[in-house]
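**Student:** Input file: protein06.tsv. Contents: TSV, C-alpha atoms and all ligand atoms.
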chain	number	residue	atom	x	y	z
M	1	MET	CA	76.25	112.37	81.25
M	2	GLN	CA	74.59	112.73	84.61
M	3	GLY	CA	75.92	111.59	87.96
M	4	LEU	CA	79.55	111.31	86.82
M	5	GLU	CA	80.79	114.49	88.50
M	6	VAL	CA	83.30	113.97	91.28
M	7	GLU	CA	85.01	116.20	93.79
M	8	LEU	CA	88.76	115.75	94.14
M	9	ALA	CA	90.60	117.78	96.78
M	10	GLY	CA	88.26	120.71	96.19
M	11	MET	CA	88.29	120.45	92.37
M	12	ARG	CA	85.11	119.60	90.47
M	13	LEU	CA	85.67	117.02	87.73
M	14	ARG	CA	82.89	116.54	85.16
M	15	ASN	CA	83.69	112.83	85.23
M	16	PRO	CA	86.29	110.70	87.06
M	17	THR	CA	88.68	110.24	84.11
M	18	MET	CA	91.98	112.11	83.94
M	19	LEU	CA	94.78	112.17	81.41
M	20	ALA	CA	97.79	110.55	83.14
M	21	SER	CA	101.09	112.35	83.18
M	22	GLY	CA	103.48	111.38	80.41
M	23	ILE	CA	101.09	110.91	77.54
M	24	MET	CA	100.96	113.89	75.19
M	25	GLY	CA	101.10	116.41	78.02
M	26	LEU	CA	103.88	118.70	76.81
M	27	SER	CA	101.77	121.31	75.02
M	28	ALA	CA	98.53	123.19	75.49
M	29	ALA	CA	97.37	121.77	72.15
M	30	SER	CA	97.77	118.14	73.23
M	31	LEU	CA	96.15	118.76	76.62
M	32	ARG	CA	93.23	120.41	74.82
M	33	ARG	CA	92.84	117.28	72.68
M	34	ALA	CA	92.43	115.20	75.84
M	35	ILE	CA	89.91	117.73	77.17
M	36	LYS	CA	88.03	117.54	73.86
M	37	GLY	CA	88.19	113.75	74.16
M	38	GLY	CA	86.18	114.02	77.37
M	39	ALA	CA	88.81	114.01	80.16
M	40	GLY	CA	87.54	115.26	83.51
M	41	ALA	CA	90.99	116.67	84.28
M	42	VAL	CA	94.42	116.55	82.66
M	43	VAL	CA	97.87	115.96	84.13
M	44	ALA	CA	100.80	117.35	82.13
M	45	LYS	CA	104.09	115.56	81.50
M	46	SER	CA	106.47	115.87	84.45
M	47	CYS	CA	108.69	118.92	84.36
M	48	SER	CA	111.96	119.67	86.10
M	49	SER	CA	113.60	123.00	86.86
M	50	GLN	CA	115.97	122.71	83.87
M	51	PRO	CA	115.12	121.37	80.39
M	52	ARG	CA	115.96	117.69	79.89
M	53	GLU	CA	116.64	115.85	76.66
M	54	GLY	CA	115.74	112.50	78.12
M	55	ASN	CA	117.24	109.07	77.51
M	56	PRO	CA	118.75	107.66	74.31
M	57	ASN	CA	116.46	106.01	71.76
M	58	PRO	CA	114.62	103.74	71.61
M	59	THR	CA	112.58	105.12	74.50
M	60	VAL	CA	109.25	103.41	73.86
M	61	VAL	CA	108.53	99.83	72.86
M	62	GLU	CA	105.24	97.99	72.67
M	63	ILE	CA	105.22	94.48	74.11
M	64	PRO	CA	102.34	91.99	73.91
M	65	THR	CA	101.11	92.84	77.40
M	66	GLY	CA	101.66	96.59	77.50
M	67	LEU	CA	104.21	99.28	76.85
M	68	LEU	CA	107.73	99.92	78.07
M	69	ASN	CA	109.06	103.46	78.18
M	70	SER	CA	112.31	104.99	79.26
M	71	VAL	CA	111.64	108.56	78.16
M	72	GLY	CA	113.77	109.93	80.97
M	73	LEU	CA	111.63	112.96	81.75
M	74	ALA	CA	112.33	114.80	78.50
M	75	ASN	CA	110.77	118.23	79.05
M	76	PRO	CA	111.42	121.88	78.25
M	77	GLY	CA	111.79	122.89	81.90
M	78	CYS	CA	109.07	124.03	84.28
M	79	ALA	CA	109.10	127.70	83.24
M	80	GLU	CA	108.38	126.94	79.59
M	81	LEU	CA	105.87	124.20	80.33
M	82	ALA	CA	104.11	126.46	82.85
M	83	GLU	CA	103.35	128.92	80.02
M	84	GLU	CA	101.74	126.12	78.02
M	85	LEU	CA	99.68	125.04	81.02
M	86	GLY	CA	98.53	128.60	81.60
M	87	ARG	CA	97.03	128.48	78.08
M	88	CYS	CA	94.63	125.65	78.77
M	89	ARG	CA	93.13	126.80	82.04
M	90	GLY	CA	89.40	126.97	82.50
M	91	GLU	CA	87.41	124.11	81.02
M	92	VAL	CA	88.63	121.29	83.29
M	93	PRO	CA	91.21	121.21	86.10
M	94	VAL	CA	94.80	121.24	84.87
M	95	VAL	CA	97.34	119.45	87.04
M	96	ALA	CA	101.10	119.98	86.67
M	97	SER	CA	103.41	117.07	87.37
M	98	VAL	CA	106.71	118.10	88.88
M	99	TYR	CA	109.97	116.25	89.35
M	100	GLY	CA	113.13	117.17	91.25
M	101	PHE	CA	116.55	115.77	91.99
M	102	SER	CA	116.19	117.36	95.43
M	103	THR	CA	113.44	118.45	97.78
M	104	ARG	CA	114.29	122.04	96.95
M	105	GLU	CA	113.90	121.42	93.20
M	106	TYR	CA	110.46	119.86	93.70
M	107	ALA	CA	109.36	122.89	95.70
M	108	ALA	CA	110.82	125.40	93.22
M	109	CYS	CA	109.08	123.71	90.25
M	110	ALA	CA	105.81	123.54	92.16
M	111	GLN	CA	105.98	127.28	92.80
M	112	VAL	CA	106.63	128.04	89.13
M	113	VAL	CA	103.67	126.02	87.90
M	114	GLU	CA	101.40	127.35	90.63
M	115	ARG	CA	102.15	130.90	89.49
M	116	ALA	CA	101.00	129.87	85.99
M	117	GLY	CA	97.60	129.08	87.48
M	118	VAL	CA	97.44	125.29	87.55
M	119	ASP	CA	94.69	123.79	89.69
M	120	ALA	CA	96.89	121.22	91.44
M	121	VAL	CA	100.38	119.77	91.52
M	122	GLU	CA	101.23	116.09	91.26
M	123	LEU	CA	104.64	115.18	92.66
M	124	ASN	CA	106.32	112.54	90.53
M	125	LEU	CA	108.08	110.69	93.36
M	126	SER	CA	108.38	107.53	91.33
M	127	CYS	CA	109.97	107.91	87.88
M	128	PRO	CA	111.87	104.70	87.10
M	129	ASN	CA	113.85	106.24	84.24
M	130	VAL	CA	116.31	108.75	85.66
M	131	GLU	CA	119.50	108.39	87.63
M	132	GLY	CA	119.07	109.71	91.12
M	133	THR	CA	117.04	109.23	94.23
M	134	VAL	CA	113.55	107.84	93.84
M	135	PHE	CA	111.94	109.78	96.69
M	136	GLY	CA	108.90	107.54	96.64
M	137	TYR	CA	110.94	104.50	97.69
M	138	SER	CA	111.27	105.91	101.19
M	139	GLU	CA	108.71	107.10	103.71
M	140	GLU	CA	111.16	109.68	105.08
M	141	LEU	CA	112.16	111.13	101.71
M	142	ALA	CA	108.59	111.23	100.39
M	143	ARG	CA	107.48	112.95	103.59
M	144	GLU	CA	110.27	115.52	103.25
M	145	VAL	CA	109.29	116.43	99.69
M	146	VAL	CA	105.57	116.67	100.45
M	147	GLU	CA	106.17	118.80	103.55
M	148	GLU	CA	108.41	121.22	101.68
M	149	VAL	CA	106.06	121.55	98.70
M	150	LYS	CA	103.06	122.05	101.00
M	151	ARG	CA	104.96	124.85	102.72
M	152	ARG	CA	105.47	126.59	99.36
M	153	VAL	CA	102.20	126.22	97.44
M	154	ARG	CA	98.51	126.60	98.19
M	155	VAL	CA	97.02	124.41	95.44
M	156	PRO	CA	96.25	120.75	96.22
M	157	VAL	CA	99.29	118.46	96.14
M	158	PHE	CA	99.07	114.82	95.02
M	159	ALA	CA	101.90	112.32	95.52
M	160	LYS	CA	102.39	109.83	92.67
M	161	LEU	CA	103.83	106.63	94.09
M	162	THR	CA	105.24	103.36	92.83
M	163	ALA	CA	104.69	99.73	93.70
M	164	ASP	CA	108.46	99.32	93.24
M	165	ALA	CA	108.72	100.82	96.74
M	166	GLY	CA	109.10	98.17	99.40
M	167	ASP	CA	105.85	99.22	101.06
M	168	ILE	CA	103.77	101.66	99.03
M	169	VAL	CA	101.06	101.76	101.69
M	170	SER	CA	103.46	103.10	104.33
M	171	VAL	CA	104.83	105.66	101.85
M	172	ALA	CA	101.25	106.79	101.12
M	173	ALA	CA	100.54	107.10	104.84
M	174	ALA	CA	103.71	109.20	105.29
M	175	CYS	CA	102.60	111.48	102.44
M	176	GLU	CA	99.18	111.92	104.03
M	177	ASP	CA	100.83	112.71	107.34
M	178	ALA	CA	103.02	115.30	105.59
M	179	GLY	CA	99.94	117.08	104.26
M	180	ALA	CA	99.39	115.56	100.79
M	181	ASP	CA	95.90	116.18	99.45
M	182	GLY	CA	95.77	112.93	97.49
M	183	ILE	CA	97.72	109.88	96.37
M	184	THR	CA	98.12	108.77	92.76
M	185	ALA	CA	98.76	105.04	92.57
M	186	ILE	CA	100.67	103.80	90.66
M	187	ASN	CA	103.48	104.86	88.33
M	188	THR	CA	104.99	102.39	85.86
M	189	LEU	CA	106.95	99.43	87.20
M	190	ARG	CA	110.64	98.89	86.45
M	191	ALA	CA	110.87	96.37	83.64
M	192	MET	CA	112.78	95.47	80.48
M	193	ALA	CA	112.73	93.62	77.17
M	194	ILE	CA	115.62	91.89	75.40
M	195	ASP	CA	116.01	91.60	71.64
M	196	VAL	CA	116.94	87.97	71.03
M	197	THR	CA	118.37	88.76	67.58
M	198	THR	CA	120.90	91.28	68.82
M	199	ALA	CA	121.05	89.78	72.32
M	200	ARG	CA	120.76	93.28	73.78
M	201	PRO	CA	118.23	95.15	75.88
M	202	VAL	CA	115.67	96.81	73.59
M	203	LEU	CA	115.43	100.16	75.37
M	204	GLY	CA	118.29	102.61	75.01
M	205	ASN	CA	118.28	102.96	78.77
M	206	ARG	CA	118.11	99.14	79.14
M	207	VAL	CA	115.44	99.37	81.83
M	208	GLY	CA	112.19	101.32	81.66
M	209	GLY	CA	108.69	101.56	83.09
M	210	LEU	CA	105.95	99.06	82.31
M	211	SER	CA	102.44	100.40	81.68
M	212	GLY	CA	99.22	99.17	80.12
M	213	ARG	CA	96.69	96.47	80.79
M	214	CYS	CA	99.14	94.11	82.52
M	215	LEU	CA	99.65	96.69	85.27
M	216	LYS	CA	96.01	96.81	86.34
M	217	PRO	CA	95.91	94.00	88.94
M	218	VAL	CA	98.98	95.43	90.70
M	219	ALA	CA	97.63	98.99	90.61
M	220	LEU	CA	94.24	97.83	91.83
M	221	ARG	CA	95.78	96.02	94.77
M	222	CYS	CA	97.77	99.13	95.68
M	223	VAL	CA	94.71	101.40	95.47
M	224	TYR	CA	92.69	98.97	97.58
M	225	GLU	CA	95.34	98.77	100.29
M	226	ILE	CA	96.14	102.48	100.28
M	227	ALA	CA	92.44	103.36	100.50
M	228	GLU	CA	92.21	101.22	103.64
M	229	GLU	CA	95.06	103.17	105.22
M	230	VAL	CA	94.55	106.84	104.26
M	231	SER	CA	91.59	109.18	104.31
M	232	ILE	CA	92.74	111.54	101.55
M	233	PRO	CA	91.52	110.77	98.00
M	234	VAL	CA	93.26	108.09	95.98
M	235	ILE	CA	93.57	108.41	92.20
M	236	GLY	CA	93.90	105.06	90.44
M	237	CYS	CA	96.38	104.73	87.59
M	238	GLY	CA	97.60	101.64	85.76
M	239	GLY	CA	95.98	99.86	82.85
M	240	VAL	CA	92.65	101.67	82.79
M	241	THR	CA	91.29	101.14	79.29
M	242	THR	CA	87.57	100.45	79.68
M	243	GLY	CA	84.73	101.59	81.90
M	244	ARG	CA	84.88	98.24	83.62
M	245	ASP	CA	88.53	98.87	84.56
M	246	ALA	CA	87.56	102.29	85.90
M	247	VAL	CA	84.69	100.82	87.92
M	248	GLU	CA	87.08	98.29	89.48
M	249	PHE	CA	89.33	101.15	90.63
M	250	LEU	CA	86.36	103.12	92.00
M	251	LEU	CA	85.13	100.07	93.90
M	252	ALA	CA	88.67	99.60	95.27
M	253	GLY	CA	88.49	103.13	96.68
M	254	ALA	CA	89.76	105.47	93.96
M	255	ARG	CA	87.95	108.80	93.61
M	256	ALA	CA	89.16	109.21	90.02
M	257	VAL	CA	91.24	107.27	87.48
M	258	GLN	CA	94.08	108.32	85.23
M	259	ILE	CA	94.41	106.96	81.72
M	260	GLY	CA	97.76	106.87	79.93
M	261	THR	CA	98.49	103.85	77.79
M	262	GLY	CA	94.72	103.48	77.28
M	263	VAL	CA	94.92	106.52	74.99
M	264	LEU	CA	97.11	104.46	72.66
M	265	TYR	CA	94.68	101.53	72.73
M	266	ARG	CA	91.44	103.53	72.20
M	267	GLY	CA	92.40	107.01	70.99
M	268	MET	CA	91.89	110.43	72.57
M	269	SER	CA	88.15	109.82	72.96
M	270	VAL	CA	88.97	107.05	75.47
M	271	PHE	CA	87.91	109.45	78.24
M	272	ARG	CA	84.41	109.87	76.79
M	273	LYS	CA	84.15	106.15	76.04
M	274	VAL	CA	85.21	105.14	79.55
M	275	SER	CA	82.82	107.70	81.08
M	276	MET	CA	79.92	106.37	79.02
M	277	GLU	CA	80.77	102.82	80.05
M	278	ILE	CA	80.86	103.86	83.73
M	279	ALA	CA	77.44	105.51	83.25
M	280	GLU	CA	76.08	102.32	81.65
M	281	TYR	CA	77.31	100.26	84.61
M	282	MET	CA	75.70	102.73	87.03
M	283	GLU	CA	72.40	102.57	85.21
M	284	GLU	CA	72.45	98.78	85.09
M	285	LYS	CA	73.18	98.58	88.83
M	286	GLY	CA	70.87	101.43	89.86
M	287	TYR	CA	73.46	103.97	91.05
M	288	SER	CA	72.78	107.64	90.41
M	289	ARG	CA	76.12	109.15	91.48
M	290	VAL	CA	79.62	107.88	90.83
M	291	ASP	CA	80.64	108.55	94.46
M	292	GLU	CA	78.28	105.77	95.49
M	293	LEU	CA	80.75	103.30	93.97
M	294	VAL	CA	83.86	104.60	95.71
M	295	GLY	CA	85.26	101.99	98.08
M	296	LEU	CA	82.31	99.60	97.86
M	297	ALA	CA	84.64	96.60	97.55
M	298	HIS	CA	85.81	97.18	101.13
M	299	ARG	CA	82.57	95.91	102.65
M	301	LIG	C1	109.65	109.30	81.80
M	301	LIG	O1	109.65	110.44	81.31
M	301	LIG	O2	110.66	108.60	81.85
M	301	LIG	C2	108.37	108.73	82.34
M	301	LIG	C3	107.97	109.43	83.57
M	301	LIG	C4	107.53	108.51	84.67
M	301	LIG	O3	107.23	107.35	84.45
M	301	LIG	O4	107.49	108.97	85.81
Let me see whether you can do it: turn the structure in this file into structure tokens.
Ligand code: SIN

**Tutor:**
Amino acid sequence: MQGLEVELAGMRLRNPTMLASGIMGLSAASLRRAIKGGAGAVVAKSCSSQPREGNPNPTVVEIPTGLLNSVGLANPGCAELAEELGRCRGEVPVVASVYGFSTREYAACAQVVERAGVDAVELNLSCPNVEGTVFGYSEELAREVVEEVKRRVRVPVFAKLTADAGDIVSVAAACEDAGADGITAINTLRAMAIDVTTARPVLGNRVGGLSGRCLKPVALRCVYEIAEEVSIPVIGCGGVTTGRDAVEFLLAGARAVQIGTGVLYRGMSVFRKVSMEIAEYMEEKGYSRVDELVGLAHR
């Protein structure tokens, strides 16, 4: 498909679709499936310095408007995951997502995955499912993490933020100021479901993160506002399922889009399908390069 290539913080993506962190990204095999399904880049599941078992079951529940998860960052630890990531280098950029309970832990994990040869690091500053500081709620804390990680690694660093923060735009601006190479907006939103039969919260952790189609208008608003404020690339994330969704994010100012829950709705080939649908839109409207769409809605 011609004209879909994009440049993102120095990386060449064959198309603007990326696997979002959290969906299938714990093994080289699952990342390769997303690559085979047409993803322009893949983001692995967030890893921490030590292995984590995650939250008690149930950790995922489908609701009519999307999905709730409270996985709790279950992962084998950054050293083990880094080995997996090293095995799928080459075909498309591989991005590691790192999480820390402290600035130092973020930086240490970022160094481990960089040594494994990943193309970029995404800082998960916004997980709603673990006890501890959500660094992305605060401009100062987000700035501190980005600055420290930028001191330690040379690969591009993206900050993944949440609309649960009081002012996501100011947090994004602080991350840019601290040297971030891009902003991913947005992570899931804190939410819950209650089982009326048992009269208890459905998720084992009671509260979890909401993803899927219902998130799109919120994510789109965040991308639009962040793109007005920062000059680093913005990666849209939240409810992208179709090419039309992706086009909306591009018009709002995103350079690329991440797809997570959309994989559940349309299968692993969602990346190819969305790319083809973007190409169809471009042909219909007379655009020859996807960059021509980026930010058009700001006129
Ligand atoms: C999780 O593992 O709980 C999901 C990660 C996230 O939403 O940041």

**Student:** For ligand LIG 301 (chain M), return the neighbouring residues as a list of chain:residue names (distance at most 8 Å; only C-alpha atoms and all ligand atoms).

**Tutor:**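 The distance check yields M:Ser21, M:Gly22, M:Lys45, M:Ser46, M:Gly54, M:Asn55, M:Asn69, M:Ser70, M:Val71, M:Gly72, M:Leu73, M:Ala74, M:Asn124, M:Leu125, M:Ser126, M:Cys127, M:Pro128, M:Asn129, M:Val130, M:Asn187, M:Thr188, M:Gly208, M:Gly209.
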
**Student:** Suppose we keep C-alpha atoms; can you now write the selection as an mmCIF file, in the frame of the given file?

**Tutor:**
data_model
loop_
_atom_site.group_PDB
_atom_site.id
_atom_site.type_symbol
_atom_site.label_atom_id
_atom_site.label_comp_id
_atom_site.auth_asym_id
_atom_site.auth_seq_id
_atom_site.Cartn_x
_atom_site.Cartn_y
_atom_site.Cartn_z
ATOM 1 C CA SER M 21 101.090 112.350 83.180
ATOM 2 C CA GLY M 22 103.480 111.380 80.410
ATOM 3 C CA LYS M 45 104.090 115.560 81.500
ATOM 4 C CA SER M 46 106.470 115.870 84.450
ATOM 5 C CA GLY M 54 115.740 112.500 78.120
ATOM 6 C CA ASN M 55 117.240 109.070 77.510
ATOM 7 C CA ASN M 69 109.060 103.460 78.180
ATOM 8 C CA SER M 70 112.310 104.990 79.260
ATOM 9 C CA VAL M 71 111.640 108.560 78.160
ATOM 10 C CA GLY M 72 113.770 109.930 80.970
ATOM 11 C CA LEU M 73 111.630 112.960 81.750
ATOM 12 C CA ALA M 74 112.330 114.800 78.500
ATOM 13 C CA ASN M 124 106.320 112.540 90.530
ATOM 14 C CA LEU M 125 108.080 110.690 93.360
ATOM 15 C CA SER M 126 108.380 107.530 91.330
ATOM 16 C CA CYS M 127 109.970 107.910 87.880
ATOM 17 C CA PRO M 128 111.870 104.700 87.100
ATOM 18 C CA ASN M 129 113.850 106.240 84.240
ATOM 19 C CA VAL M 130 116.310 108.750 85.660
ATOM 20 C CA ASN M 187 103.480 104.860 88.330
ATOM 21 C CA THR M 188 104.990 102.390 85.860
ATOM 22 C CA GLY M 208 112.190 101.320 81.660
ATOM 23 C CA GLY M 209 108.690 101.560 83.090
#

**Student:** One decimal, in Å: what's the spacing between CA of Lys160 (chain M) and CA of Leu123 (chain M)?

**Tutor:**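 Computing the Euclidean distance for CA of Lys160 (chain M) and CA of Leu123 (chain M) yields 5.8 Å.
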
**Student:** Can you list every residue of region 14-117 of chain M that has an atom at most 12 Å from region 243-258 of chain M, with its nearest atom pair and the distance in Å to one decimal, using all atoms listed in the file, ordered by chain then number, as a Markdown table?

**Tutor:**
| residue | atom | partner | partner_atom | distance |
| --- | --- | --- | --- | --- |
| M:Arg14 | CA | M:Ala256 | CA | 10.8 |
| M:Asn15 | CA | M:Ala256 | CA | 8.1 |
| M:Pro16 | CA | M:Ala256 | CA | 4.4 |
| M:Thr17 | CA | M:Val257 | CA | 5.2 |
| M:Met18 | CA | M:Gln258 | CA | 4.5 |
| M:Leu19 | CA | M:Gln258 | CA | 5.5 |
| M:Ala20 | CA | M:Gln258 | CA | 4.8 |
| M:Ser21 | CA | M:Gln258 | CA | 8.3 |
| M:Gly22 | CA | M:Gln258 | CA | 11.0 |
| M:Ile23 | CA | M:Gln258 | CA | 10.7 |
| M:Ala34 | CA | M:Gln258 | CA | 11.8 |
| M:Ala39 | CA | M:Gln258 | CA | 9.3 |
| M:Gly40 | CA | M:Ala256 | CA | 9.0 |
| M:Ala41 | CA | M:Gln258 | CA | 9.0 |
| M:Val42 | CA | M:Gln258 | CA | 8.6 |
| M:Val43 | CA | M:Gln258 | CA | 8.6 |
| M:Ala44 | CA | M:Gln258 | CA | 11.7 |
| M:Val95 | CA | M:Gln258 | CA | 11.7 |

**Student:** Neighbours of region 144-152 of chain M within 9 Å (all atoms listed in the file; same-chain residues fewer than 2 positions away dropped), as a list in words?

**Tutor:**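 Residues meeting the cut-off are Ser102, Thr103, Arg104, Tyr106, Ala107, Ala108, Ala110, Gln111, Leu123, Leu125, Phe135, Glu139, Glu140, Leu141, Ala142, Arg154, Val155, Pro156, Val157, Phe158, Ala159, Cys175, Glu176, Asp177, Ala178, Gly179 and Ala180 of chain M.
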
**Student:** If I put a ball of radius 12 Å at (75.4, 109.9, 92.5) in the file's coordinates, which residues poke into it when counting only C-alpha atoms, written as an NGL selection string?

**Tutor:** :M and (1-7 or 15 or 278-279 or 282-283 or 286-294)

**Student:** For Met192 (chain M), please output as a PyMOL selection string all residues within 9 Å (counting only C-alpha atoms; exclusion window: fewer than 6 positions along the same chain).

**Tutor:** chain M and resi 68+201-203+206-210

**Student:** Please measure the separation of CA of Val118 (chain M) and CA of Arg213 (chain M), giving the value in Å to one decimal.

**Tutor:**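 Separation of CA of Val118 (chain M) and CA of Arg213 (chain M): 29.6 Å.
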
**Student:** In Å to one decimal, how far is CA of Pro51 (chain M) from CA of Pro76 (chain M)?

**Tutor:**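 Distance between the two atoms: 4.3 Å.
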
**Student:** Excluding region 167-172 of chain M and residues on its chain fewer than 2 positions from it, collect all residues at most 8 Å away from it, counting all atoms listed in the file, and give them as a PyMOL selection string.

**Tutor:** chain M and resi 136-139+142-143+159+161-165+174-176+183+222+225-226+229-230

**Student:** Within 8 Å of Glu105 (chain M), counting only C-alpha atoms, which residues show up once you throw out same-chain ones fewer than 4 positions away? Write them as a PyMOL selection string, please.

**Tutor:** chain M and resi 48-49+99-101+109

**Student:** Can you spit out the residues from that selection as a PDB file, in the coordinates of the input, using C-alpha atoms?

**Tutor:**
ATOM      1  CA  SER M  48     111.960 119.670  86.100  1.00  0.00           C
ATOM      2  CA  SER M  49     113.600 123.000  86.860  1.00  0.00           C
ATOM      3  CA  TYR M  99     109.970 116.250  89.350  1.00  0.00           C
ATOM      4  CA  GLY M 100     113.130 117.170  91.250  1.00  0.00           C
ATOM      5  CA  PHE M 101     116.550 115.770  91.990  1.00  0.00           C
ATOM      6  CA  CYS M 109     109.080 123.710  90.250  1.00  0.00           C
TER       7      CYS M 109
END

**Student:** Can you tell me, as JSON, the centre and edge lengths (Å, one decimal) of the axis-aligned box enclosing all of region 1-9 of chain M's listed atoms after padding each side by 6 Å?

**Tutor:**
{"center_x": 82.6, "center_y": 114.5, "center_z": 89.0, "size_x": 28.0, "size_y": 18.5, "size_z": 27.5}

**Student:** Kindly indicate which residue among M:Gly295, M:Gly212, M:Gly239, M:Gly25 lies nearest to Leu67 (chain M), using only C-alpha atoms for the distances.

**Tutor:**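 Using only C-alpha atoms, the shortest distance to Leu67 (chain M) belongs to M:Gly212.
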
**Student:** Compare M:Ala82, M:Ile63, M:Cys88, M:Ala96 by their minimum atom-to-atom distance to Ala116 (chain M), counting all atoms listed in the file, and give me the closest one.

**Tutor:**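 Looking at the shortest contact to Ala116 (chain M), the residue is M:Ala82.
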
**Student:** Could you check which of M:Leu264, M:Ala9, M:Val196, M:Ala79 is closest to Gln50 (chain M), using only C-alpha atoms?

**Tutor:**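 Closest to Gln50 (chain M) of all the choices is M:Ala79.
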
**Student:** Which is closer to Gly37 (chain M) than all the others in M:Glu284, M:Arg272, M:Glu83, M:Gly117, using all atoms listed in the file?

**Tutor:**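 For Gly37 (chain M), the nearest of the candidates is M:Arg272.
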
**Student:** For Gly262 (chain M), which of M:Glu84, M:Gly66, M:Arg299, M:Ser30 is the closest residue, counting only C-alpha atoms?

**Tutor:**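 Ranked by minimum distance to Gly262 (chain M), first place goes to M:Gly66.
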
**Student:** Can you find the residues with an atom no farther than 6 Å from (97.2, 102.9, 84.1), counting all atoms listed in the file, and report them as number ranges by chain?

**Tutor:** M: 212, 237-240, 259-260

**Student:** Would you mind writing region 69-84 of chain M with N, CA and C atoms, as a PDB file, in the frame of the given file?

**Tutor:**
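Below is the file that was written, rebuild.pdb:
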ATOM      1  N   ASN M  69     108.470 102.188  78.585  1.00  0.00           N
ATOM      2  CA  ASN M  69     109.060 103.460  78.180  1.00  0.00           C
ATOM      3  C   ASN M  69     110.221 103.810  79.079  1.00  0.00           C
ATOM      4  N   SER M  70     111.202 104.463  78.464  1.00  0.00           N
ATOM      5  CA  SER M  70     112.310 104.990  79.260  1.00  0.00           C
ATOM      6  C   SER M  70     112.603 106.405  78.772  1.00  0.00           C
ATOM      7  N   VAL M  71     111.539 107.205  78.722  1.00  0.00           N
ATOM      8  CA  VAL M  71     111.640 108.560  78.160  1.00  0.00           C
ATOM      9  C   VAL M  71     112.695 109.379  78.902  1.00  0.00           C
ATOM     10  N   GLY M  72     112.747 109.212  80.197  1.00  0.00           N
ATOM     11  CA  GLY M  72     113.770 109.930  80.970  1.00  0.00           C
ATOM     12  C   GLY M  72     113.422 111.381  81.237  1.00  0.00           C
ATOM     13  N   LEU M  73     112.111 111.622  81.366  1.00  0.00           N
ATOM     14  CA  LEU M  73     111.630 112.960  81.750  1.00  0.00           C
ATOM     15  C   LEU M  73     112.095 114.051  80.787  1.00  0.00           C
ATOM     16  N   ALA M  74     112.049 113.756  79.483  1.00  0.00           N
ATOM     17  CA  ALA M  74     112.330 114.800  78.500  1.00  0.00           C
ATOM     18  C   ALA M  74     111.280 115.897  78.672  1.00  0.00           C
ATOM     19  N   ASN M  75     111.724 117.118  78.878  1.00  0.00           N
ATOM     20  CA  ASN M  75     110.770 118.230  79.050  1.00  0.00           C
ATOM     21  C   ASN M  75     111.517 119.551  78.862  1.00  0.00           C
ATOM     22  N   PRO M  76     110.754 120.602  78.554  1.00  0.00           N
ATOM     23  CA  PRO M  76     111.420 121.880  78.250  1.00  0.00           C
ATOM     24  C   PRO M  76     111.764 122.704  79.491  1.00  0.00           C
ATOM     25  N   GLY M  77     111.564 122.137  80.666  1.00  0.00           N
ATOM     26  CA  GLY M  77     111.790 122.890  81.900  1.00  0.00           C
ATOM     27  C   GLY M  77     110.474 123.479  82.393  1.00  0.00           C
ATOM     28  N   CYS M  78     110.372 123.658  83.712  1.00  0.00           N
ATOM     29  CA  CYS M  78     109.070 124.030  84.280  1.00  0.00           C
ATOM     30  C   CYS M  78     108.603 125.421  83.847  1.00  0.00           C
ATOM     31  N   ALA M  79     109.538 126.349  83.602  1.00  0.00           N
ATOM     32  CA  ALA M  79     109.100 127.700  83.240  1.00  0.00           C
ATOM     33  C   ALA M  79     108.389 127.687  81.897  1.00  0.00           C
ATOM     34  N   GLU M  80     108.999 126.976  80.921  1.00  0.00           N
ATOM     35  CA  GLU M  80     108.380 126.940  79.590  1.00  0.00           C
ATOM     36  C   GLU M  80     107.076 126.138  79.606  1.00  0.00           C
ATOM     37  N   LEU M  81     107.093 125.006  80.301  1.00  0.00           N
ATOM     38  CA  LEU M  81     105.870 124.200  80.330  1.00  0.00           C
ATOM     39  C   LEU M  81     104.752 124.960  81.052  1.00  0.00           C
ATOM     40  N   ALA M  82     105.125 125.709  82.089  1.00  0.00           N
ATOM     41  CA  ALA M  82     104.110 126.460  82.850  1.00  0.00           C
ATOM     42  C   ALA M  82     103.337 127.402  81.927  1.00  0.00           C
ATOM     43  N   GLU M  83     104.036 128.006  80.959  1.00  0.00           N
ATOM     44  CA  GLU M  83     103.350 128.920  80.020  1.00  0.00           C
ATOM     45  C   GLU M  83     102.304 128.165  79.218  1.00  0.00           C
ATOM     46  N   GLU M  84     102.691 126.956  78.780  1.00  0.00           N
ATOM     47  CA  GLU M  84     101.740 126.120  78.020  1.00  0.00           C
ATOM     48  C   GLU M  84     100.521 125.799  78.895  1.00  0.00           C
TER      49      GLU M  84
END
